[in-house]
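*Asks:* Got a structure for you, questions after.
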Amino acid sequence: MNQPLIEIRSAPHVQGPKSVETIMRHVVYSLLPICAFYVFQYGISALASIVVVTAACLFAERYFVRTGTQAGRLSDYSAVITGLLLALTLPPGFPLWMGAVAGLVAIALGKALFGGIGFNVFNPALVGRAFVQAAFPTAIATYTPSFLAGRFTEFIPSSLAWPLMIPADAAAWLKAKNLDALAGATPLAKWKFDGVVANAGDLLTSLSGHMAVGPAPVLILLCGAYLALRRFMDWRIPLAIIGSAALTAWLLYAFDGVRYPNPFFMLFSGGLILGAVYMATDMATSPVTPKGMWVYGALIGLLTVVIRYYSGLPEGVMYAILIANAASPLIEKVTQPVPFGRGVLNRHKRATYPLNPGYISREEASAVTPKKRFLPKKPKK
């Protein structure tokens, strides 16, 4: 008689229909329109940057998985997301070999160092971005205007720099196109160093030519809404970041409208929307408690505005998210919900009666406090 087989497995025993691969795949789908718009803005230089950075991330992922350094596989799409987000944070004319270094570092220090997907403490794309900002500060601060003529037929000269060589001067290239150097500055840099505030409408759509801006914030919000509606992303974190940044910027603007720009400029300039929707919501580096998500997002929004206003850097989203990633375990611990009844049943009560002297042992009763507590005298021979 055939005996039924009993299969013993470890938890979880009940799995939902949404796997890691499914979630990551839909995140990649939502990033494709943003990448296409970025290529539409800057041409083949942006396309080459996306391809090279993503390929470097995939290569590093495969190497560390094959050598057993980290867990995961290429089919989970996590390395693709890291490459796409990292490329979107880099200037379109960033040298390709530097972009490849950024992709390798993002996987090596952002994921493999911690054991792979799900174990990383910091967002891998921002780890790669922080590394190249420290290693190549001049190249990463060099931007070019969007919608230039001939962007689909020629590269930005700095993109094709040879490894370990100084990139071509972007200012001279812009001058040859009858554009001044100010056209290559980001809106945040123009405000920070020149006091020029761009129009919020132009920043919202990013369709105004000759501006060094990233993908349109309205497009990023639409793609993020797709993920939120499909429940592949929690809406609390982006809403908390945008709300906290808007409130902080509005308070400062109301205090001194001449020194501080309007809140709309703070929201739609730079990478705040991209960071709020796609980087701060990384499931491995953000809290899982509802209250923790609000605190986590509010911290990022506050730090972003403070760094932009009071530091020497025009942008502060990257550092704000990395600091919040480091604080995420503490936020999660503090905001952990208390089980029902535990706060009442396990509450320690203070004794309201004096201790009975009979409970004190003889040794404790006859003990004498030494005169010299920290440095007792040595025993005599």
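Identifiers in this document derive from the order of the structure tokens: chains are assigned A, B, ..., residues are numbered from 1 separately in each chain, and ligands are numbered from 1 in order of occurrence.
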Compile a residue-level contact table for region 16-115 of chain A against region 194-206 of chain A at a cut-off of 12 Å, reporting for every qualifying residue the shortest atom pair and its distance in Å to one decimal, with only C-alpha atoms counted, rows ordered by chain and ascending number, as JSON lines.

*Replies:*
```
{"residue": "A:Ile34", "atom": "CA", "partner": "A:Ser206", "partner_atom": "CA", "distance": 11.7}
{"residue": "A:Phe37", "atom": "CA", "partner": "A:Ser206", "partner_atom": "CA", "distance": 9.6}
{"residue": "A:Tyr38", "atom": "CA", "partner": "A:Ser206", "partner_atom": "CA", "distance": 9.9}
{"residue": "A:Phe40", "atom": "CA", "partner": "A:Ser206", "partner_atom": "CA", "distance": 11.0}
{"residue": "A:Gln41", "atom": "CA", "partner": "A:Ser206", "partner_atom": "CA", "distance": 8.6}
{"residue": "A:Tyr42", "atom": "CA", "partner": "A:Ser206", "partner_atom": "CA", "distance": 11.7}
```

*Asks:* Got a sec: who's within 7 Å of His210 (chain A), counting only C-alpha atoms, leaving out chain neighbours fewer than 6 positions off, as a list in words?

*Replies:*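 Neighbouring residues, sequence-local ones excluded: Pro145, Ser146, Phe147, Leu148 and Ala183 of chain A.
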
*Asks:* If you measure from CA of Ala212 (chain A) to CA of Asn325 (chain A), what distance in Å do you get, rounded to one decimal?

*Replies:* 28.3 Å

*Asks:* Which of these, A:Val258, A:Ala100, A:Val28, A:Met318, has the shortest distance to Ala280 (chain A) once you count only C-alpha atoms?

*Replies:*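 The shortest atom-to-atom distance to Ala280 (chain A) comes from A:Met318.
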
*Asks:* Between A:Gly43, A:Ala324, A:Leu179, A:Arg25, which one has atoms that come closest to Gly150 (chain A), using only C-alpha atoms?

*Replies:* A:Gly43
